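Next comes query_5.cif, a file with mmCIF, C-alpha atoms (C1' of nucleotides).
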data_my_file
loop_
_atom_site.label_atom_id
_atom_site.label_comp_id
_atom_site.auth_asym_id
_atom_site.auth_seq_id
_atom_site.Cartn_x
_atom_site.Cartn_y
_atom_site.Cartn_z
CA MET B 21 124.24 86.69 114.35
CA ASN B 22 124.97 89.51 111.89
CA SER B 23 126.62 86.84 109.78
CA ASN B 24 125.50 88.37 106.51
CA LEU B 25 126.98 91.66 107.58
CA ILE B 26 130.30 90.09 108.60
CA ARG B 27 130.43 88.29 105.28
CA HIS B 28 129.72 91.51 103.43
CA ILE B 29 132.42 93.44 105.27
CA GLY B 30 134.82 90.57 104.60
CA LYS B 31 134.39 91.11 100.88
CA TYR B 32 136.00 94.55 101.13
CA ILE B 33 138.51 94.32 103.99
CA SER B 34 140.05 91.55 106.07
CA LEU B 35 138.84 91.17 109.63
CA GLU B 36 140.53 89.60 112.67
CA ASN B 37 138.34 87.39 114.84
CA SER B 38 138.63 89.97 117.60
CA ASP B 39 137.24 92.60 115.21
CA ILE B 40 134.27 90.36 114.50
CA ASP B 41 133.55 90.11 118.21
CA VAL B 42 133.60 93.88 118.58
CA ILE B 43 131.31 94.31 115.56
CA ASN B 44 128.89 91.81 117.05
CA THR B 45 128.75 93.67 120.34
CA TYR B 46 127.84 96.97 118.63
CA PHE B 47 125.44 95.77 115.96
CA LYS B 48 121.98 94.61 116.87
CA SER B 49 119.60 92.62 114.73
CA GLN B 50 115.92 93.30 114.24
CA LYS B 51 113.12 91.30 112.66
CA LEU B 52 110.55 93.45 110.90
CA LYS B 53 107.07 92.60 109.73
CA ASN B 54 105.72 93.88 106.44
CA LYS B 55 104.89 97.60 106.78
CA GLU B 56 106.81 98.05 110.03
CA MET B 57 108.52 101.45 110.28
CA VAL B 58 112.12 102.00 111.39
CA LEU B 59 112.18 105.76 110.81
CA GLN B 60 109.47 108.40 110.69
CA GLU B 61 109.73 111.87 109.15
CA GLY B 62 110.50 114.40 111.91
CA GLN B 63 112.25 111.94 114.23
CA VAL B 64 116.01 111.78 114.48
CA CYS B 65 117.38 108.88 112.45
CA LYS B 66 119.07 106.93 115.21
CA SER B 67 120.63 104.12 113.22
CA TYR B 68 122.41 103.01 110.10
CA TYR B 69 120.66 99.90 108.74
CA PHE B 70 122.04 96.91 106.88
CA VAL B 71 119.46 94.65 105.26
CA ASP B 72 120.23 90.96 105.90
CA SER B 73 117.12 89.72 104.10
CA GLY B 74 113.91 91.24 102.87
CA CYS B 75 113.48 94.81 101.65
CA LEU B 76 113.15 98.33 103.05
CA ARG B 77 111.97 101.44 101.28
CA MET B 78 112.76 105.08 101.99
CA TYR B 79 110.06 107.61 101.07
CA PHE B 80 108.59 111.00 101.91
CA ASN B 81 105.20 112.62 101.59
CA ASN B 82 105.36 115.04 98.69
CA ASN B 83 103.56 118.35 98.31
CA LYS B 84 100.61 116.60 96.66
CA GLY B 85 100.10 114.37 99.68
CA THR B 86 101.28 111.16 98.02
CA GLU B 87 104.22 108.97 98.98
CA GLN B 88 107.36 109.38 96.91
CA ILE B 89 109.86 106.54 97.17
CA ILE B 90 113.51 107.63 97.04
CA GLN B 91 115.24 104.30 97.44
CA PHE B 92 114.77 100.60 98.01
CA ALA B 93 117.27 98.60 100.07
CA LEU B 94 117.51 94.89 99.28
CA GLU B 95 119.74 92.22 100.84
CA ASN B 96 123.26 93.53 101.55
CA TRP B 97 122.35 97.18 101.10
CA TRP B 98 122.86 99.92 103.64
CA ILE B 99 120.21 102.52 104.22
CA THR B 100 119.76 105.60 106.37
CA ASP B 101 118.80 109.26 106.14
CA TYR B 102 122.43 110.37 105.85
CA PHE B 103 121.80 113.94 106.85
CA SER B 104 119.67 113.08 109.86
CA PHE B 105 122.03 110.32 110.98
CA ALA B 106 125.26 112.32 110.63
CA ASP B 107 123.97 115.46 112.33
CA GLN B 108 121.38 113.81 114.56
CA LYS B 109 118.74 116.22 113.29
CA PRO B 110 115.08 115.48 112.42
CA ALA B 111 114.67 113.27 109.35
CA GLU B 112 112.91 114.21 106.12
CA TYR B 113 112.24 110.61 105.15
CA ASN B 114 110.44 107.51 106.35
CA ILE B 115 112.00 104.07 106.25
CA GLN B 116 109.70 101.06 106.24
CA ALA B 117 109.82 97.33 105.61
CA ILE B 118 107.82 96.28 102.55
CA GLU B 119 108.10 92.58 103.29
CA LYS B 120 109.31 90.36 106.15
CA THR B 121 112.79 91.73 106.75
CA THR B 122 115.82 91.16 108.96
CA ALA B 123 118.12 94.12 109.46
CA SER B 124 121.35 94.69 111.37
CA TYR B 125 121.66 98.19 112.73
CA ILE B 126 123.95 100.39 114.75
CA ASP B 127 123.12 103.63 116.51
CA TYR B 128 125.03 106.88 116.03
CA LEU B 129 127.21 106.78 119.15
CA SER B 130 128.06 103.11 118.72
CA TYR B 131 128.94 103.72 115.10
CA ASN B 132 131.53 106.30 116.07
CA LYS B 133 132.88 104.16 118.89
CA LEU B 134 133.10 101.14 116.64
CA LEU B 135 135.07 103.09 114.03
CA LYS B 136 137.56 104.10 116.74
CA GLU B 137 137.92 100.55 118.02
CA VAL B 138 138.14 98.88 114.61
CA PRO B 139 139.71 101.53 112.37
CA VAL B 140 139.84 99.21 109.37
CA LEU B 141 136.08 99.68 109.18
CA GLU B 142 136.72 103.28 108.12
CA THR B 143 137.90 101.80 104.86
CA TYR B 144 134.85 99.58 104.57
CA PHE B 145 132.38 102.39 105.14
CA ARG B 146 134.30 104.74 102.86
CA ILE B 147 134.10 102.19 100.06
CA ILE B 148 130.41 101.57 100.70
CA ALA B 149 129.67 105.29 100.63
CA GLN B 150 131.66 105.80 97.44
CA ARG B 151 129.89 102.90 95.76
CA GLU B 152 126.56 104.34 96.79
CA LEU B 153 127.65 107.69 95.31
CA ALA B 154 128.43 105.93 92.05
CA ALA B 155 124.95 104.41 92.09
CA SER B 156 123.43 107.77 92.85
CA GLN B 157 125.24 109.43 89.91
CA LYS B 158 123.93 106.69 87.62
CA ARG B 159 120.40 107.13 88.96
CA LEU B 160 120.50 110.86 88.33
CA LYS B 161 121.65 110.22 84.79
CA LEU B 162 118.73 107.89 84.13
CA ILE B 163 116.26 110.37 85.59
CA PHE B 164 117.47 113.15 83.31
CA ASP B 165 118.10 111.02 80.24
CA LEU B 166 115.04 108.83 79.91
CA SER B 167 111.34 109.45 79.45
CA LYS B 168 109.09 107.88 82.08
CA GLU B 169 108.26 105.11 79.65
CA ASP B 170 111.95 104.37 79.04
CA MET B 171 112.58 104.47 82.81
CA TYR B 172 110.01 101.74 83.24
CA LEU B 173 111.46 99.67 80.42
CA HIS B 174 114.94 100.13 81.81
CA PHE B 175 114.00 98.94 85.29
CA SER B 176 111.77 96.12 84.16
CA THR B 177 114.51 94.68 81.96
CA SER B 178 117.35 95.38 84.41
CA PHE B 179 115.62 94.04 87.52
CA PRO B 180 112.78 91.78 86.34
CA GLN B 181 112.75 89.69 89.51
CA PHE B 182 112.56 92.77 91.72
CA ILE B 183 109.71 94.28 89.70
CA GLN B 184 107.63 91.21 90.48
CA ARG B 185 108.46 91.40 94.15
CA ILE B 186 106.90 94.82 94.75
CA PRO B 187 103.38 96.13 94.11
CA GLN B 188 103.00 98.30 91.03
CA TYR B 189 102.01 101.42 92.88
CA MET B 190 105.39 101.34 94.64
CA LEU B 191 107.21 100.96 91.35
CA ALA B 192 105.22 103.93 90.03
CA SER B 193 106.17 105.94 93.11
CA PHE B 194 109.85 105.02 92.73
CA LEU B 195 109.79 106.02 89.07
CA GLY B 196 108.05 109.28 89.93
CA ILE B 197 104.89 108.60 87.93
CA THR B 198 101.23 107.92 88.70
CA PRO B 199 99.92 104.35 88.93
CA GLU B 200 97.49 105.24 86.12
CA TYR B 201 100.27 106.19 83.74
CA LEU B 202 102.33 103.14 84.68
CA SER B 203 99.32 101.01 83.85
CA GLU B 204 99.10 102.69 80.44
CA ILE B 205 102.81 102.12 79.80
CA ARG B 206 102.54 98.44 80.70
CA LYS B 207 99.58 97.97 78.39
CA LYS B 208 101.52 99.55 75.54
CA ASN B 209 104.54 97.26 76.12
CA LEU B 210 102.96 93.83 76.54
CA MET P 13 150.54 124.37 97.69
CA ASN P 14 147.31 122.42 98.19
CA SER P 15 146.81 124.69 101.19
CA ASN P 16 143.06 124.92 100.70
CA LEU P 17 142.89 121.16 100.63
CA ILE P 18 145.00 120.78 103.78
CA ARG P 19 142.82 123.33 105.54
CA HIS P 20 139.69 121.49 104.45
CA ILE P 21 140.97 118.14 105.67
CA GLY P 22 141.97 119.78 108.95
CA LYS P 23 138.34 120.71 109.56
CA TYR P 24 137.39 117.04 109.82
CA ILE P 25 140.44 115.27 111.26
CA SER P 26 143.73 116.31 112.85
CA LEU P 27 146.87 115.99 110.78
CA GLU P 28 150.51 115.65 111.83
CA ASN P 29 153.02 117.73 109.89
CA SER P 30 154.44 114.52 108.46
CA ASP P 31 150.97 113.65 107.13
CA ILE P 32 150.79 117.01 105.42
CA ASP P 33 154.09 116.31 103.69
CA VAL P 34 152.84 112.97 102.42
CA ILE P 35 149.61 114.54 101.18
CA ASN P 36 151.59 117.18 99.33
CA THR P 37 153.71 114.60 97.57
CA TYR P 38 150.67 112.72 96.27
CA PHE P 39 148.41 115.60 95.32
CA LYS P 40 149.14 117.75 92.31
CA SER P 41 147.69 121.10 91.47
CA GLN P 42 146.35 122.21 88.12
CA LYS P 43 145.32 125.59 86.75
CA LEU P 44 142.43 125.39 84.32
CA LYS P 45 141.16 127.93 81.82
CA ASN P 46 137.48 128.44 81.22
CA LYS P 47 136.06 125.51 79.20
CA GLU P 48 139.12 123.29 79.77
CA MET P 49 138.17 119.61 80.15
CA VAL P 50 139.52 117.30 82.84
CA LEU P 51 137.44 114.26 81.89
CA GLN P 52 135.77 113.18 78.67
CA GLU P 53 133.00 110.60 78.25
CA GLY P 54 134.52 107.25 77.30
CA GLN P 55 137.91 107.87 78.90
CA VAL P 56 138.82 106.38 82.25
CA CYS P 57 138.46 108.93 85.04
CA LYS P 58 142.02 108.98 86.31
CA SER P 59 141.68 111.39 89.22
CA TYR P 60 139.64 112.59 92.15
CA TYR P 61 139.45 116.40 91.99
CA PHE P 62 139.25 118.97 94.77
CA VAL P 63 138.36 122.49 93.68
CA ASP P 64 140.59 125.11 95.34
CA SER P 65 139.00 128.03 93.52
CA GLY P 66 136.74 128.45 90.53
CA CYS P 67 134.08 125.99 89.40
CA LEU P 68 133.79 122.69 87.57
CA ARG P 69 130.72 121.09 86.07
CA MET P 70 129.94 117.44 85.40
CA TYR P 71 127.61 116.70 82.47
CA PHE P 72 126.68 114.16 79.82
CA ASN P 73 125.16 114.28 76.35
CA ASN P 74 121.58 113.11 76.65
CA ASN P 75 119.55 111.18 74.10
CA LYS P 76 118.32 114.43 72.56
CA GLY P 77 121.87 115.55 71.87
CA THR P 78 121.94 118.32 74.46
CA GLU P 79 124.22 118.64 77.47
CA GLN P 80 122.70 117.65 80.80
CA ILE P 81 124.55 118.94 83.86
CA ILE P 82 124.58 116.55 86.81
CA GLN P 83 126.62 118.53 89.30
CA PHE P 84 128.62 121.69 89.87
CA ALA P 85 131.71 121.71 92.09
CA LEU P 86 132.60 125.02 93.72
CA GLU P 87 135.48 125.86 96.06
CA ASN P 88 136.13 123.07 98.58
CA TRP P 89 134.05 120.49 96.76
CA TRP P 90 135.23 117.11 95.56
CA ILE P 91 134.22 115.82 92.17
CA THR P 92 134.78 112.68 90.13
CA ASP P 93 132.88 110.05 88.17
CA TYR P 94 132.76 107.70 91.16
CA PHE P 95 132.05 104.60 89.13
CA SER P 96 134.74 105.24 86.56
CA PHE P 97 137.28 106.25 89.21
CA ALA P 98 136.66 103.33 91.55
CA ASP P 99 136.64 100.63 88.89
CA GLN P 100 138.93 102.41 86.38
CA LYS P 101 136.32 101.84 83.66
CA PRO P 102 135.26 104.28 80.89
CA ALA P 103 133.39 107.31 82.20
CA GLU P 104 129.82 108.29 81.34
CA TYR P 105 130.36 111.94 82.16
CA ASN P 106 132.45 114.93 81.16
CA ILE P 107 134.05 117.25 83.70
CA GLN P 108 134.95 120.76 82.60
CA ALA P 109 135.96 124.10 84.09
CA ILE P 110 133.34 126.79 83.58
CA GLU P 111 135.61 129.59 84.79
CA LYS P 112 139.27 130.06 85.67
CA THR P 113 139.81 127.26 88.17
CA THR P 114 142.52 125.78 90.36
CA ALA P 115 142.10 122.13 91.33
CA SER P 116 144.09 119.70 93.45
CA TYR P 117 143.88 116.17 92.18
CA ILE P 118 145.14 112.68 92.89
CA ASP P 119 145.21 109.70 90.57
CA TYR P 120 143.74 106.32 91.40
CA LEU P 121 146.91 104.47 92.41
CA SER P 122 148.22 107.39 94.46
CA TYR P 123 144.87 107.67 96.20
CA ASN P 124 145.06 104.09 97.38
CA LYS P 125 148.71 104.42 98.41
CA LEU P 126 147.99 107.64 100.26
CA LEU P 127 145.17 106.01 102.21
CA LYS P 128 147.55 103.23 103.26
CA GLU P 129 150.25 105.69 104.33
CA VAL P 130 147.94 108.11 106.12
CA PRO P 131 145.10 105.93 107.39
CA VAL P 132 143.42 108.82 109.19
CA LEU P 133 142.43 110.04 105.72
CA GLU P 134 140.10 107.06 105.48
CA THR P 135 137.99 108.88 108.05
CA TYR P 136 138.15 112.14 106.12
CA PHE P 137 137.09 110.58 102.82
CA ARG P 138 134.39 108.52 104.52
CA ILE P 139 132.91 111.66 106.03
CA ILE P 140 133.15 113.53 102.72
CA ALA P 141 131.41 110.70 100.90
CA GLN P 142 128.67 110.44 103.52
CA ARG P 143 128.08 114.20 103.38
CA GLU P 144 127.85 114.02 99.63
CA LEU P 145 125.32 111.19 99.99
CA ALA P 146 123.26 113.39 102.28
CA ALA P 147 123.35 116.14 99.65
CA SER P 148 122.39 113.66 96.97
CA GLN P 149 119.38 112.44 98.98
CA LYS P 150 118.24 116.04 99.41
CA ARG P 151 118.68 116.72 95.70
CA LEU P 152 116.58 113.69 94.79
CA LYS P 153 113.87 114.90 97.14
CA LEU P 154 113.78 118.31 95.47
CA ILE P 155 113.63 116.76 92.02
CA PHE P 156 110.63 114.63 92.92
CA ASP P 157 108.89 117.17 95.14
CA LEU P 158 109.03 120.42 93.21
CA SER P 159 107.76 121.62 89.86
CA LYS P 160 110.42 123.02 87.52
CA GLU P 161 109.29 126.51 88.41
CA ASP P 162 109.65 125.81 92.13
CA MET P 163 113.06 124.24 91.50
CA TYR P 164 114.18 127.48 89.91
CA LEU P 165 112.77 129.56 92.75
CA HIS P 166 114.39 127.27 95.30
CA PHE P 167 117.84 127.54 93.73
CA SER P 168 117.65 131.23 93.00
CA THR P 169 116.74 132.03 96.61
CA SER P 170 119.11 129.46 98.15
CA PHE P 171 122.15 130.33 96.03
CA PRO P 172 121.59 133.80 94.59
CA GLN P 173 125.29 134.58 94.20
CA PHE P 174 125.92 131.31 92.37
CA ILE P 175 123.02 131.87 89.96
CA GLN P 176 124.68 135.07 88.82
CA ARG P 177 128.00 133.36 88.36
CA ILE P 178 126.84 130.91 85.69
CA PRO P 179 125.13 131.43 82.33
CA GLN P 180 121.42 130.74 82.24
CA TYR P 181 121.60 127.90 79.80
CA MET P 182 123.75 126.01 82.30
CA LEU P 183 121.27 126.66 85.07
CA ALA P 184 118.52 125.39 82.77
CA SER P 185 120.57 122.29 82.03
CA PHE P 186 121.24 121.68 85.72
CA LEU P 187 117.53 122.03 86.52
CA GLY P 188 116.65 119.69 83.65
CA ILE P 189 114.61 122.22 81.64
CA THR P 190 114.98 124.05 78.34
CA PRO P 191 116.52 127.54 78.23
CA GLU P 192 113.25 128.73 76.66
CA TYR P 193 111.17 127.57 79.58
CA LEU P 194 113.62 129.00 82.11
CA SER P 195 113.30 132.32 80.35
CA GLU P 196 109.52 132.11 80.68
CA ILE P 197 109.77 131.27 84.39
CA ARG P 198 112.11 134.19 85.04
CA LYS P 199 109.79 136.59 83.27
CA LYS P 200 106.89 135.38 85.39
CA ASN P 201 108.86 135.89 88.62
CA LEU P 202 110.42 139.32 88.19
"C1'" DC G 15 81.14 86.00 100.95
"C1'" DG G 16 81.80 91.36 101.66
"C1'" DG G 17 84.91 95.07 102.00
"C1'" DT G 18 89.05 97.28 101.26
"C1'" DC G 19 93.17 97.70 98.47
"C1'" DT G 20 95.14 97.53 93.92
"C1'" DC G 21 95.05 97.88 88.97
"C1'" DT G 22 92.89 99.48 84.68
"C1'" DT G 23 90.43 102.64 81.32
"C1'" DG G 24 89.27 106.80 79.16
"C1'" DA G 25 88.29 111.88 78.74
"C1'" DC G 26 90.30 116.07 79.66
"C1'" DG G 27 93.76 119.57 81.13
"C1'" DG G 28 98.19 121.66 81.96
"C1'" DA G 29 103.23 121.88 82.67
"C1'" DG G 30 106.94 121.85 79.93
"C1'" DT G 31 109.06 120.97 74.97
"C1'" DT G 32 109.95 122.01 70.18
"C1'" DC G 33 110.76 124.92 66.48
"C1'" DA G 34 111.64 129.19 64.28
"C1'" DA G 35 112.91 133.83 64.45
"C1'" DA G 36 114.39 138.06 66.36
"C1'" DG G 37 117.04 140.76 69.89
"C1'" DC G 38 120.91 141.06 72.81
"C1'" DT G 39 125.78 140.43 74.75
"C1'" DA G 40 130.31 139.67 74.89
"C1'" DG G 41 134.58 138.24 72.98
"C1'" DT G 42 137.88 138.76 69.20
"C1'" DG G 43 140.73 140.64 65.80
"C1'" DG G 44 141.96 144.51 63.07
"C1'" DC V 13 138.56 151.10 70.62
"C1'" DC V 14 135.41 149.96 67.39
"C1'" DA V 15 132.94 146.60 64.40
"C1'" DC V 16 131.62 141.94 63.62
"C1'" DT V 17 130.31 137.78 64.69
"C1'" DA V 18 128.97 133.84 67.33
"C1'" DG V 19 126.60 132.50 70.97
"C1'" DC V 20 123.18 133.50 74.51
"C1'" DT V 21 118.42 134.96 75.73
"C1'" DT V 22 113.73 136.03 74.72
"C1'" DT V 23 109.06 135.42 72.38
"C1'" DG V 24 105.23 133.07 70.73
"C1'" DA V 25 102.53 129.24 68.59
"C1'" DA V 26 101.80 124.45 68.17
"C1'" DC V 27 102.35 120.20 70.22
"C1'" DT V 28 103.08 116.10 73.70
"C1'" DC V 29 103.83 113.71 77.64
"C1'" DC V 30 101.99 112.82 81.68
"C1'" DG V 31 98.76 114.11 85.62
"C1'" DT V 32 93.97 114.45 87.34
"C1'" DC V 33 89.54 112.79 88.07
"C1'" DA V 34 86.03 109.48 88.10
"C1'" DA V 35 84.44 105.01 87.61
"C1'" DG V 36 84.77 100.10 87.05
"C1'" DA V 37 87.13 95.49 87.46
"C1'" DG V 38 89.98 92.38 89.93
"C1'" DA V 39 92.33 90.56 93.85
"C1'" DC V 40 93.15 89.50 98.51
"C1'" DC V 41 91.93 88.71 103.43
"C1'" DG V 42 89.17 88.11 107.36
#

With the file now loaded, output its structure as structure tokens.
Amino acid sequence: MNSNLIRHIGKYISLENSDIDVINTYFKSQKLKNKEMVLQEGQVCKSYYFVDSGCLRMYFNNNKGTEQIIQFALENWWITDYFSFADQKPAEYNIQAIEKTTASYIDYLSYNKLLKEVPVLETYFRIIAQRELAASQKRLKLIFDLSKEDMYLHFSTSFPQFIQRIPQYMLASFLGITPEYLSEIRKKNL
Amino acid sequence: MNSNLIRHIGKYISLENSDIDVINTYFKSQKLKNKEMVLQEGQVCKSYYFVDSGCLRMYFNNNKGTEQIIQFALENWWITDYFSFADQKPAEYNIQAIEKTTASYIDYLSYNKLLKEVPVLETYFRIIAQRELAASQKRLKLIFDLSKEDMYLHFSTSFPQFIQRIPQYMLASFLGITPEYLSEIRKKNL
DNA sequence: CGGTCTCTTGACGGAGTTCAAAGCTAGTGG
DNA sequence: CCACTAGCTTTGAACTCCGTCAAGAGACCG
């Protein structure tokens, strides 16, 4: 159990067998059906999620009443509402499975206990967070640099297999455009 | 020296005096004039910067040939091109002082040595990175949720003192709009 | 099959950009 | 300390990207 997670951690730091046992006692695993929610806007985000297989999305309901996707989390990605999780305050986002998904997760108190018991994980989570910051800086650059059409072209050439895995209206939401306009863009770029 | 930095670290973890000495040997301090650069697009980002006083901005030259600001770093903020710093690859961003600024900084190799010598700093930098991720999630939400006009109103009411500290064309750049349009918005909201 | 999602199409409208020019501010050197 | 200049801000008109609305065409699932 949590074998994907252990493998992922092992890529960044070296773990003793005893560490692995401790990790396995704190992390739980959850099987999610398509469309199952793990976090709802307004609730406290209890856990930090690691996707073993499948895909989660994080989104919120914008001021026009439509869903705006902030982030997808594929295999070996971490996801949480960082503000809600760190301060244990109500979340601004929803997190939901968009296909059959298996996730490892750890709740707030366990996370802090685990870090005390296996301090080398501080390094792992620091590296993960800094890598995610790098990704977030790149994302911001794309958002400001490219037109919506170029955003679509960028994502469809960079992640062609992922584009086919999700419905188009979710891609539109992630790109911050309407499904109608995405349809127009696709037609133009056959 | 580096006293602001030591104080900031002390807010998150507890340091021994010996730790403080080690930190002081690895961190250097730099006085920057207005408009002085600490990182240029294409160079490797050698250091992780902590702003003691003053203000830095991170920006890139977009496909229209204008400067797009990604982030400001005020007192007690960390700033770096995370991708360039972590992988020691060429940077995509510029970092520049926009007023008289004092910054503590540490280069890549020293950073990794320091973390080995003072492991409790792993916790500090993990927390800093996770807080910055929380801020980045919030920023993304604002970008997708608000019109440019509402973005301006949000920032001018949330950070009124900061708005007055920077020239308007930089605020426009940070908000992702043209100076002309910002001028129009301001006129409308006197 | 029948109904509910999803994707497409096209006409229209509006938020924000572009370009050009004029007014204003602040820094610099004499 | 003033005068000059370069850069910042404002204005307005024309334009464009993208959203809105409404309606139709597929696609999927019970």

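If you look at atom C1' of G:DC21 and atom CA of B:Lys208, they are 15.0 Å away from each other.
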
Set up a box along x, y and z of the file covering all listed atoms of stretch 164-173 of chain P, add 4 Å on every one of the six sides, and write the centre and edge lengths in Å to one decimal, as lines of an AutoDock Vina configuration file.
center_x = 119.0
center_y = 130.9
center_z = 94.0
size_x = 20.5
size_y = 15.3
size_z = 16.2

Contact residues (chain V, partner chain B, 12 Å, all atoms listed in the file) as a ChimeraX atom specification: /V:29-33

In Å, rounded to a single decimal, give me how far atom CA of P:Cys67 is from atom CA of P:Ala85. 5.6 Å

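The closest residue to B:Ser73, picked from B:Ser203, B:Gln184, B:Gln60, B:Ser124 and counting all atoms listed in the file, is B:Ser124.
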
Chain P contacts to chain B at 9 Å (all atoms listed in the file) as a PyMOL selection string: chain P and resi 72-76+80+82+93-96+98+104+127+131-132+134-150+152-153+156-158+188

If we count all atoms listed in the file, which residues of chain B reach to within 9 Å of chain G? Please list them as an mmCIF file with C-alpha atoms, keeping the file's coordinate frame.
data_model
loop_
_atom_site.group_PDB
_atom_site.id
_atom_site.type_symbol
_atom_site.label_atom_id
_atom_site.label_comp_id
_atom_site.auth_asym_id
_atom_site.auth_seq_id
_atom_site.Cartn_x
_atom_site.Cartn_y
_atom_site.Cartn_z
ATOM 1 C CA PRO B 187 103.380 96.130 94.110
ATOM 2 C CA GLN B 188 103.000 98.300 91.030
ATOM 3 C CA TYR B 189 102.010 101.420 92.880
ATOM 4 C CA PRO B 199 99.920 104.350 88.930
ATOM 5 C CA GLU B 200 97.490 105.240 86.120
ATOM 6 C CA SER B 203 99.320 101.010 83.850
ATOM 7 C CA GLU B 204 99.100 102.690 80.440
#

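Applied to the shown file, the PyMOL selection byres ((chain P and resi 62) around 8) selects the residues Leu17, Tyr60, Tyr61, Val63, Asp64, Glu87, Asn88, Trp89, Trp90, Ile91, Ala115, Ser116 and Tyr117 of chain P.
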
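In this model, the gap between atom CA of B:Thr122 and atom CA of B:Lys48 comes to 10.6 Å.
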
I need the output of the PyMOL selection byres ((chain B and resi 35-39) around 10) for this file as JSON, numbers by chain; which residues are they? {"B": [26, 27, 29, 30, 31, 32, 33, 34, 40, 41, 42, 43, 44, 45, 134, 137, 138, 139, 140, 141]}

If you keep C-alpha atoms, can you produce a file of those selected residues as a CSV table (one decimal), in the coordinates of the input?
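Writing the result to again-v1.csv gives the following:
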chain,number,residue,atom,x,y,z
B,26,ILE,CA,130.3,90.1,108.6
B,27,ARG,CA,130.4,88.3,105.3
B,29,ILE,CA,132.4,93.4,105.3
B,30,GLY,CA,134.8,90.6,104.6
B,31,LYS,CA,134.4,91.1,100.9
B,32,TYR,CA,136.0,94.6,101.1
B,33,ILE,CA,138.5,94.3,104.0
B,34,SER,CA,140.0,91.6,106.1
B,40,ILE,CA,134.3,90.4,114.5
B,41,ASP,CA,133.6,90.1,118.2
B,42,VAL,CA,133.6,93.9,118.6
B,43,ILE,CA,131.3,94.3,115.6
B,44,ASN,CA,128.9,91.8,117.0
B,45,THR,CA,128.8,93.7,120.3
B,134,LEU,CA,133.1,101.1,116.6
B,137,GLU,CA,137.9,100.6,118.0
B,138,VAL,CA,138.1,98.9,114.6
B,139,PRO,CA,139.7,101.5,112.4
B,140,VAL,CA,139.8,99.2,109.4
B,141,LEU,CA,136.1,99.7,109.2

Residue contacts of B:Phe92 (7 Å, only C-alpha atoms (C1' of nucleotides)) excluding same-chain residues fewer than 5 positions away, as a ChimeraX atom specification: /B:75-78

Once you have the residues from the selection above, write them out as a short mmCIF file (atom, residue, chain, number, x, y, z; two decimals), in the frame of the given file, restricted to C-alpha atoms.
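Saved file again.cif follows:
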data_model
loop_
_atom_site.label_atom_id
_atom_site.label_comp_id
_atom_site.auth_asym_id
_atom_site.auth_seq_id
_atom_site.Cartn_x
_atom_site.Cartn_y
_atom_site.Cartn_z
CA CYS B 75 113.48 94.81 101.65
CA LEU B 76 113.15 98.33 103.05
CA ARG B 77 111.97 101.44 101.28
CA MET B 78 112.76 105.08 101.99
#

Could you pull stretch 191-201 of chain B out of the block above and save it with N, CA and C atoms, as an mmCIF file, in the first residue's frame?
data_model
loop_
_atom_site.group_PDB
_atom_site.id
_atom_site.type_symbol
_atom_site.label_atom_id
_atom_site.label_comp_id
_atom_site.auth_asym_id
_atom_site.auth_seq_id
_atom_site.Cartn_x
_atom_site.Cartn_y
_atom_site.Cartn_z
ATOM 1 N N LEU B 191 -11.094 21.393 -20.371
ATOM 2 C CA LEU B 191 -9.914 22.059 -20.915
ATOM 3 C C LEU B 191 -10.185 23.555 -21.063
ATOM 4 N N ALA B 192 -11.375 23.877 -21.583
ATOM 5 C CA ALA B 192 -11.761 25.286 -21.727
ATOM 6 C C ALA B 192 -11.705 25.977 -20.367
ATOM 7 N N SER B 193 -12.262 25.332 -19.360
ATOM 8 C CA SER B 193 -12.296 25.916 -18.021
ATOM 9 C C SER B 193 -10.881 26.125 -17.488
ATOM 10 N N PHE B 194 -10.016 25.151 -17.698
ATOM 11 C CA PHE B 194 -8.624 25.262 -17.252
ATOM 12 C C PHE B 194 -7.912 26.414 -17.952
ATOM 13 N N LEU B 195 -8.196 26.573 -19.249
ATOM 14 C CA LEU B 195 -7.547 27.636 -20.013
ATOM 15 C C LEU B 195 -8.174 29.003 -19.746
ATOM 16 N N GLY B 196 -9.318 28.999 -19.068
ATOM 17 C CA GLY B 196 -9.989 30.264 -18.776
ATOM 18 C C GLY B 196 -10.752 30.833 -19.957
ATOM 19 N N ILE B 197 -11.288 29.946 -20.811
ATOM 20 C CA ILE B 197 -12.092 30.404 -21.942
ATOM 21 C C ILE B 197 -13.423 29.667 -21.975
ATOM 22 N N THR B 198 -14.318 30.097 -22.843
ATOM 23 C CA THR B 198 -15.618 29.437 -22.957
ATOM 24 C C THR B 198 -15.489 28.226 -23.872
ATOM 25 N N PRO B 199 -16.322 27.216 -23.671
ATOM 26 C CA PRO B 199 -16.327 26.053 -24.568
ATOM 27 C C PRO B 199 -16.583 26.469 -26.016
ATOM 28 N N GLU B 200 -17.419 27.489 -26.207
ATOM 29 C CA GLU B 200 -17.717 27.966 -27.566
ATOM 30 C C GLU B 200 -16.453 28.468 -28.259
ATOM 31 N N TYR B 201 -15.676 29.248 -27.532
ATOM 32 C CA TYR B 201 -14.475 29.807 -28.160
ATOM 33 C C TYR B 201 -13.430 28.722 -28.401
#
